[in-house]
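Written out below as structure tokens is the structure these notes cover.
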Amino acid sequence: MFKINENYLKLPGSYLFSNIAKKVAAFSEANPDKEIIRLGIGDVTQPLAPAIIDSLHRAVDEMGSAETFRGYAPDLGYEFLRSAIAKNDYAERGCDISADEIFVSDGAKCDSGNIQEIFSVDNKIAVCDPVYPVYVDTNVMAGRTGIYDTGTETWSNVIYMPCTAENDFVPELPEETPGIIYLCFPNNPTGTTITKEQLQAWVDYANKEGAVIIFDAAYEAYIMEESVPHSIYECEGARTCAIELRSFSKNAGFTGTRLGFTVVPKDLKCGDVMLHSLWARRHGTKYNGAPYIIQRAGEAVYSEEGKAQLKEQVAYYMKNAAVIYEGLKDAGYDVFGGVNAPYIWLKTPDKMTSWEFFDYLLEKANVVGTPGSGFGPSGEGYFRLTAFGSYENTAAAVERIKRL
Ligand code: PLP
């Protein structure tokens with residue numbers, strides 16, 4: 001009889017979004033006259049920008065003619081896209097990253113889940129708490145996380161770095177040294193950020209201890225303040241300790257179109273072995289490249305037209321973020337995030353648990369958000385609202401919460 005990967009059985013069910021869906025469906029059925037506003041999920045709602053649509057159309061036409069048809073894309077991505085990324089995302093920010101250190105993919109979720117497989121199962125990982133669940137769950141699947149404690153909802157072999165209002169949502173350097181450190185700034189779910197000096201301390205720590213940082217910058221486009229780094233490679237020494245993940249989902253609305261990339265500098269080594277070679281080998285073996293059409297759409301993100309249109313799109317969501325942030329503050333809530341990120345993280349009032357507040361908001365205001373405890377134990381007592389809805393719905397939801 002074959003054997004399965006039993007690590008999969010260790011995974012606690014991902015009840016967060018299915019629980020939310022069930023509760024919302026039950027409420028809807030019992031109250032068919034109530035109009036529910038959803039500010040829970042992290043998906044975008046604005047259509048693709050015109051420059052991106054034009055580029056998609058042109059690429060589709062190319063695929064219909066023998067002279068311009070393209071088959072398999074290069075494993076690591078088309079040169080036109082890798083050069084545009086290297087120039088716009090890195091060179092223009094003073095970061096020393098070359099096009100051949102960029103690996104184009106179909107998104108940051110896959111990359112953030114797959115990257116762990118180039119590391120030994122003996123590494124201990126460190127994650128922020130609360131956290132984007134993919135980092136932990138994919139390490140569970142690989143057998144790296146030890147035993148799950150249902151009481152504390154933590155894994156025995158994972159270093160948790162609490163990020164709460166008490167430490168301004170900035171993780172402290174852990175006492176025990178991890179092999180792999182996951183950092184995500186601007187952060188999902190807290191919507192908070194880190195300054196360049198704070199990130200530099202992490203880079204220095206990783207270089208000193210021989211750890212690798214996996215830096216998820218999926219929300220980079222939402223950074224509005226000068227002090228916040230857009231890339232970990234703005235920090236000195238990051239080329240020898242950091243991998244960066246990027247996505248086209250939130251800056252350009254590619255959640256359904258799918259495009260992202262990972263940067264692995266050639267200076268990042270374990271002994272003589274370049275992680276770049278391992279990731280190239282992995283990519284070449286298991287991945288056949290993001291579609292030509294989509295990579296052309298990605299190229300349009302860096303055109304002058306595309307940049308201007310996307311700036312407007314990000315501004316649209318950030319106006320929603322400001323409406324939520326200010327509205328909740330006026331209503332007396334303790335509110336965080338929302339300034340350099342499309343997420344607003346609030347403290348639940350009157351010592352309500354995250355789920356109690358979820359029920360309260362659903363029943364009294366008919367507004368759906370995400371309970372903070374779903375992102376980790378330190379998320380208990382917090383709640384996430386997203387700025388990805390329409391302006392009208394967002395403003396209406398905030399008015400309802402204010403009236404409570
Ligand atoms: N990383 C973080 C922190 C996210 O919040 C998300 C999506 O919500 C992703 C990555 C996924 O990005 P993609 O759509 O490129 O797979």
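Convention: chains lettered A, B, ... in structure tokens order; per-chain residue numbering from 1; ligands numbered from 1 as shown.
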
Would you write out, as CSV, a table of all residues in chain A that have an atom no more than 9 Å from an atom of ligand 1, listing for each the closest atom pair and the distance in Å to one decimal, considering only C-alpha atoms and all ligand atoms and ordering rows by chain and rising residue number?
```
residue,atom,partner,partner_atom_place_in_ligand_line,distance
A:Ile41,CA,ligand 1,8 (O),8.4
A:Gly42,CA,ligand 1,8 (O),5.4
A:Asp43,CA,ligand 1,8 (O),7.0
A:Ser105,CA,ligand 1,15 (O),8.7
A:Asp106,CA,ligand 1,15 (O),6.9
A:Gly107,CA,ligand 1,15 (O),3.4
A:Ala108,CA,ligand 1,15 (O),3.8
A:Lys109,CA,ligand 1,16 (O),3.6
A:Cys110,CA,ligand 1,16 (O),6.1
A:Asp111,CA,ligand 1,16 (O),7.8
A:Ser112,CA,ligand 1,10 (C),7.0
A:Val131,CA,ligand 1,3 (C),8.1
A:Tyr132,CA,ligand 1,3 (C),5.5
A:Pro133,CA,ligand 1,3 (C),8.8
A:Val134,CA,ligand 1,1 (N),8.2
A:Cys184,CA,ligand 1,3 (C),6.1
A:Phe185,CA,ligand 1,3 (C),8.0
A:Pro186,CA,ligand 1,3 (C),8.3
A:Asn187,CA,ligand 1,3 (C),6.6
A:Asn188,CA,ligand 1,3 (C),5.2
A:Pro189,CA,ligand 1,5 (O),7.3
A:Asp216,CA,ligand 1,1 (N),6.0
A:Ala217,CA,ligand 1,3 (C),7.3
A:Ala218,CA,ligand 1,1 (N),5.2
A:Tyr219,CA,ligand 1,3 (C),7.3
A:Leu245,CA,ligand 1,1 (N),7.8
A:Arg246,CA,ligand 1,15 (O),7.0
A:Ser247,CA,ligand 1,15 (O),4.1
A:Phe248,CA,ligand 1,15 (O),6.0
A:Ser249,CA,ligand 1,14 (O),4.8
A:Lys250,CA,ligand 1,14 (O),7.4
A:Gly253,CA,ligand 1,14 (O),9.0
A:Phe254,CA,ligand 1,14 (O),7.0
A:Thr255,CA,ligand 1,14 (O),4.9
A:Gly256,CA,ligand 1,14 (O),7.9
A:Thr257,CA,ligand 1,14 (O),8.9
A:Arg258,CA,ligand 1,15 (O),6.5
A:Leu259,CA,ligand 1,15 (O),6.2
A:Gly260,CA,ligand 1,15 (O),5.3
A:Phe261,CA,ligand 1,15 (O),8.3
```

Residues just named, written with N, CA and C atoms as a short mmCIF file (atom, residue, chain, number, x, y, z; two decimals), in the first residue's frame:
```cif
data_model
loop_
_atom_site.label_atom_id
_atom_site.label_comp_id
_atom_site.auth_asym_id
_atom_site.auth_seq_id
_atom_site.Cartn_x
_atom_site.Cartn_y
_atom_site.Cartn_z
N ILE A 41 -12.34 40.06 2.63
CA ILE A 41 -11.29 39.38 1.87
C ILE A 41 -10.26 40.33 1.27
N GLY A 42 -9.11 39.76 0.94
CA GLY A 42 -7.99 40.57 0.42
C GLY A 42 -7.94 40.60 -1.09
N ASP A 43 -9.10 40.45 -1.74
CA ASP A 43 -9.09 40.47 -3.21
C ASP A 43 -9.46 41.87 -3.70
N SER A 105 7.09 34.41 -12.03
CA SER A 105 6.24 33.27 -11.67
C SER A 105 4.77 33.66 -11.80
N ASP A 106 3.90 32.76 -11.38
CA ASP A 106 2.47 33.09 -11.46
C ASP A 106 1.93 33.62 -10.14
N GLY A 107 2.79 34.12 -9.27
CA GLY A 107 2.29 34.79 -8.08
C GLY A 107 3.09 34.51 -6.83
N ALA A 108 2.88 35.36 -5.84
CA ALA A 108 3.66 35.28 -4.61
C ALA A 108 3.17 34.18 -3.66
N LYS A 109 1.93 33.73 -3.85
CA LYS A 109 1.46 32.67 -2.98
C LYS A 109 2.26 31.39 -3.26
N CYS A 110 2.35 31.03 -4.55
CA CYS A 110 3.12 29.83 -4.92
C CYS A 110 4.57 29.98 -4.49
N ASP A 111 5.16 31.13 -4.80
CA ASP A 111 6.58 31.30 -4.48
C ASP A 111 6.81 31.25 -2.97
N SER A 112 5.92 31.88 -2.21
CA SER A 112 6.13 31.89 -0.75
C SER A 112 5.94 30.49 -0.18
N VAL A 131 0.11 36.26 11.16
CA VAL A 131 0.89 36.05 9.93
C VAL A 131 0.01 35.56 8.78
N TYR A 132 0.45 35.85 7.55
CA TYR A 132 -0.14 35.26 6.33
C TYR A 132 0.06 33.75 6.45
N PRO A 133 -1.02 32.96 6.47
CA PRO A 133 -0.91 31.54 6.87
C PRO A 133 -0.06 30.65 5.97
N VAL A 134 0.20 31.07 4.74
CA VAL A 134 0.92 30.22 3.78
C VAL A 134 2.32 29.84 4.28
N CYS A 184 7.06 40.18 6.34
CA CYS A 184 6.17 40.74 5.32
C CYS A 184 5.82 42.17 5.71
N PHE A 185 6.31 43.12 4.91
CA PHE A 185 6.01 44.54 5.15
C PHE A 185 5.87 45.27 3.84
N PRO A 186 4.82 46.11 3.67
CA PRO A 186 3.68 46.31 4.55
C PRO A 186 2.99 44.99 4.85
N ASN A 187 2.45 44.89 6.06
CA ASN A 187 2.02 43.60 6.57
C ASN A 187 0.56 43.27 6.30
N ASN A 188 0.37 42.01 5.95
CA ASN A 188 -0.96 41.41 5.99
C ASN A 188 -0.90 40.45 7.17
N PRO A 189 -1.74 40.55 8.18
CA PRO A 189 -3.00 41.29 8.21
C PRO A 189 -2.97 42.66 8.89
N ASP A 216 8.52 39.29 2.07
CA ASP A 216 7.34 39.36 1.21
C ASP A 216 6.92 40.83 1.08
N ALA A 217 7.08 41.36 -0.13
CA ALA A 217 6.77 42.78 -0.36
C ALA A 217 5.56 42.91 -1.29
N ALA A 218 4.58 42.02 -1.10
CA ALA A 218 3.40 42.00 -1.98
C ALA A 218 2.62 43.32 -1.95
N TYR A 219 2.75 44.09 -0.86
CA TYR A 219 1.96 45.33 -0.72
C TYR A 219 2.80 46.59 -0.89
N LEU A 245 10.02 38.47 -2.30
CA LEU A 245 8.85 38.02 -3.07
C LEU A 245 8.02 39.24 -3.45
N ARG A 246 7.58 39.26 -4.70
CA ARG A 246 6.72 40.36 -5.16
C ARG A 246 5.55 39.79 -5.94
N SER A 247 4.50 40.58 -6.03
CA SER A 247 3.27 40.14 -6.68
C SER A 247 2.72 41.26 -7.53
N PHE A 248 2.04 40.93 -8.62
CA PHE A 248 1.33 41.94 -9.41
C PHE A 248 -0.14 42.00 -9.00
N SER A 249 -0.51 41.25 -7.95
CA SER A 249 -1.92 41.15 -7.57
C SER A 249 -2.49 42.43 -7.00
N LYS A 250 -1.75 43.04 -6.08
CA LYS A 250 -2.33 44.15 -5.34
C LYS A 250 -1.98 45.50 -5.95
N GLY A 253 -3.88 44.63 -9.80
CA GLY A 253 -5.14 43.91 -9.94
C GLY A 253 -5.03 42.55 -10.62
N PHE A 254 -3.86 41.89 -10.52
CA PHE A 254 -3.65 40.60 -11.21
C PHE A 254 -4.07 39.39 -10.36
N THR A 255 -4.98 39.56 -9.41
CA THR A 255 -5.31 38.40 -8.55
C THR A 255 -5.88 37.25 -9.40
N GLY A 256 -6.62 37.60 -10.45
CA GLY A 256 -7.16 36.56 -11.33
C GLY A 256 -6.30 36.33 -12.57
N THR A 257 -5.40 37.24 -12.85
CA THR A 257 -4.56 37.17 -14.06
C THR A 257 -3.28 36.38 -13.78
N ARG A 258 -2.76 36.50 -12.57
CA ARG A 258 -1.63 35.75 -12.01
C ARG A 258 -0.25 36.14 -12.56
N LEU A 259 0.49 36.86 -11.77
CA LEU A 259 1.89 37.16 -12.09
C LEU A 259 2.61 37.62 -10.83
N GLY A 260 3.83 37.20 -10.68
CA GLY A 260 4.65 37.63 -9.55
C GLY A 260 6.11 37.34 -9.87
N PHE A 261 6.98 37.61 -8.92
CA PHE A 261 8.39 37.23 -9.12
C PHE A 261 9.10 37.12 -7.78
#
```

Give the strand (DSSP E) residues of range 108-318 of chain A, as assigned by DSSP on the backbone, as a PyMOL selection string.
chain A and resi 125-129+148-149+154-155+158-162+180-184+212-216+242-247+260-263+269-270+273-274

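Residue nearest Phe119 in chain A within the list A:Tyr222, A:Trp279, A:Tyr233, A:Tyr148: A:Trp279 [criterion: smallest interatomic distance, only C-alpha atoms].
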
Give me every helix (DSSP H, G or I) residue in range 154-375 of chain A, going by DSSP on the backbone, as a PyMOL selection string.
chain A and resi 165-167+196-209+220-222+232-234+238-240+249-252+275-286+292-300+304-330+349-351+354-365+372-375

For the residues in that selection, give me C-alpha atoms as a compact mmCIF listing (two decimals), in the first residue's frame.
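Output below, filename result35.txt:
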```
# COMPACT_ATOMS: atom_id res chain seq x y z
CA ALA A 165 0.16 47.29 19.65
CA GLU A 166 2.64 46.90 22.56
CA ASN A 167 5.63 46.64 20.19
CA LYS A 196 14.41 51.18 6.93
CA GLU A 197 16.46 51.31 10.15
CA GLN A 198 14.35 48.57 11.72
CA LEU A 199 14.66 46.39 8.62
CA GLN A 200 18.42 47.06 8.53
CA ALA A 201 18.62 45.58 12.06
CA TRP A 202 17.04 42.38 10.72
CA VAL A 203 19.47 42.25 7.78
CA ASP A 204 22.43 42.74 10.13
CA TYR A 205 21.08 40.05 12.45
CA ALA A 206 20.56 37.55 9.60
CA ASN A 207 24.06 38.15 8.24
CA LYS A 208 25.59 37.78 11.71
CA GLU A 209 23.68 34.60 12.58
CA GLU A 220 4.90 47.52 -1.69
CA ALA A 221 2.74 49.70 -3.99
CA TYR A 222 0.75 51.00 -1.03
CA ILE A 232 14.77 44.75 1.50
CA TYR A 233 17.62 45.43 -0.94
CA GLU A 234 17.48 49.08 0.14
CA ALA A 238 20.69 42.27 2.07
CA ARG A 239 22.23 40.64 -1.00
CA THR A 240 23.93 38.06 1.23
CA SER A 249 -1.92 41.15 -7.57
CA LYS A 250 -2.33 44.15 -5.34
CA ASN A 251 -0.46 46.87 -7.26
CA ALA A 252 -2.08 46.05 -10.60
CA LEU A 275 20.61 29.69 -3.55
CA HIS A 276 20.14 31.25 -6.99
CA SER A 277 21.29 27.97 -8.58
CA LEU A 278 18.94 25.90 -6.43
CA TRP A 279 15.92 28.08 -7.19
CA ALA A 280 16.82 28.12 -10.90
CA ARG A 281 17.00 24.31 -10.82
CA ARG A 282 13.69 24.09 -9.00
CA HIS A 283 12.01 26.55 -11.38
CA GLY A 284 13.41 24.79 -14.44
CA THR A 285 12.30 21.38 -13.22
CA LYS A 286 8.86 22.14 -11.82
CA TYR A 292 3.55 35.13 -22.63
CA ILE A 293 0.28 37.08 -22.72
CA ILE A 294 0.38 37.69 -18.98
CA GLN A 295 4.04 38.67 -18.99
CA ARG A 296 3.24 41.26 -21.68
CA ALA A 297 0.43 42.51 -19.43
CA GLY A 298 3.00 42.74 -16.64
CA GLU A 299 5.33 44.75 -18.88
CA ALA A 300 2.54 47.34 -19.32
CA GLU A 304 4.36 55.50 -18.38
CA GLU A 305 0.64 55.10 -19.07
CA GLY A 306 0.38 52.00 -16.89
CA LYS A 307 2.22 53.63 -14.01
CA ALA A 308 -0.12 56.65 -14.06
CA GLN A 309 -3.25 54.50 -14.23
CA LEU A 310 -2.09 52.22 -11.41
CA LYS A 311 -1.18 55.17 -9.23
CA GLU A 312 -4.82 56.20 -9.50
CA GLN A 313 -6.00 52.68 -8.71
CA VAL A 314 -3.86 52.46 -5.59
CA ALA A 315 -5.07 55.96 -4.59
CA TYR A 316 -8.67 54.76 -4.96
CA TYR A 317 -8.09 51.94 -2.47
CA MET A 318 -6.07 54.16 -0.16
CA LYS A 319 -8.95 56.65 -0.07
CA ASN A 320 -11.07 53.76 1.22
CA ALA A 321 -8.37 52.97 3.76
CA ALA A 322 -8.47 56.57 5.00
CA VAL A 323 -12.27 56.51 5.24
CA ILE A 324 -12.14 53.35 7.37
CA TYR A 325 -9.21 54.56 9.48
CA GLU A 326 -10.66 58.00 10.22
CA GLY A 327 -14.22 56.76 10.62
CA LEU A 328 -13.29 54.11 13.16
CA LYS A 329 -11.04 56.50 15.03
CA ASP A 330 -13.94 58.99 15.27
CA PRO A 349 -13.88 46.93 21.94
CA ASP A 350 -14.91 45.93 25.47
CA LYS A 351 -12.59 42.90 25.59
CA SER A 354 -12.19 38.56 17.54
CA TRP A 355 -15.08 36.18 16.75
CA GLU A 356 -17.47 37.91 19.17
CA PHE A 357 -16.74 41.18 17.40
CA PHE A 358 -17.26 39.47 14.03
CA ASP A 359 -20.76 38.35 15.12
CA TYR A 360 -21.53 41.75 16.60
CA LEU A 361 -20.55 43.61 13.42
CA LEU A 362 -22.43 41.18 11.21
CA GLU A 363 -25.63 41.33 13.27
CA LYS A 364 -25.68 45.01 14.19
CA ALA A 365 -24.08 46.66 11.14
CA GLY A 372 -7.66 38.63 13.89
CA SER A 373 -7.34 35.33 15.77
CA GLY A 374 -7.56 33.55 12.40
CA PHE A 375 -4.04 34.81 11.62
```

Straight-line distance linking CA of Tyr382 in chain A with CA of Glu226 in chain A, stated in Å to one decimal
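So the answer is 27.3 Å.
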
Report the closest atom pair, with its distance in Å rounded to one decimal, for each residue of range 18-61 of chain A that has an atom no farther than 12 Å from range 67-81 of chain A; count only C-alpha atoms, sort by chain and then rising residue number, and write it as a tab-separated table.
```
residue	atom	partner	partner_atom	distance
A:Arg58	CA	A:Thr68	CA	10.8
A:Ala59	CA	A:Thr68	CA	9.1
A:Val60	CA	A:Phe69	CA	9.2
A:Asp61	CA	A:Thr68	CA	8.6
```

Atomic separation - CA of Val127 in chain A relative to CA of Pro371 in chain A, Å
19.1 Å

Non-local contacts of Arg144 in chain A (10 Å; only C-alpha atoms; under 2 positions in same chain excluded) as a list in words
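In the requested form, the answer reads Asn7, Gln116, Ser120, Val121, Asp122, Asn123, Lys124, Ile125, Val136, Asp137, Thr138, Asn139, Val140, Met141, Ala142, Gly146, Ile147, Trp155, Ser156, Asn157 and Val158 of chain A.
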
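CA of Glu399 in chain A to CA of Ala26 in chain A spans 23.9 Å [interatomic distance, one decimal].
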
Would you list the contacts of Cys270 in chain A as a PyMOL selection string, taking every protein, DNA or RNA residue within 10 Å and counting only C-alpha atoms, but skipping same-chain residues closer than 2 positions in sequence?
chain A and resi 119+210-212+240-241+267-268+272-275
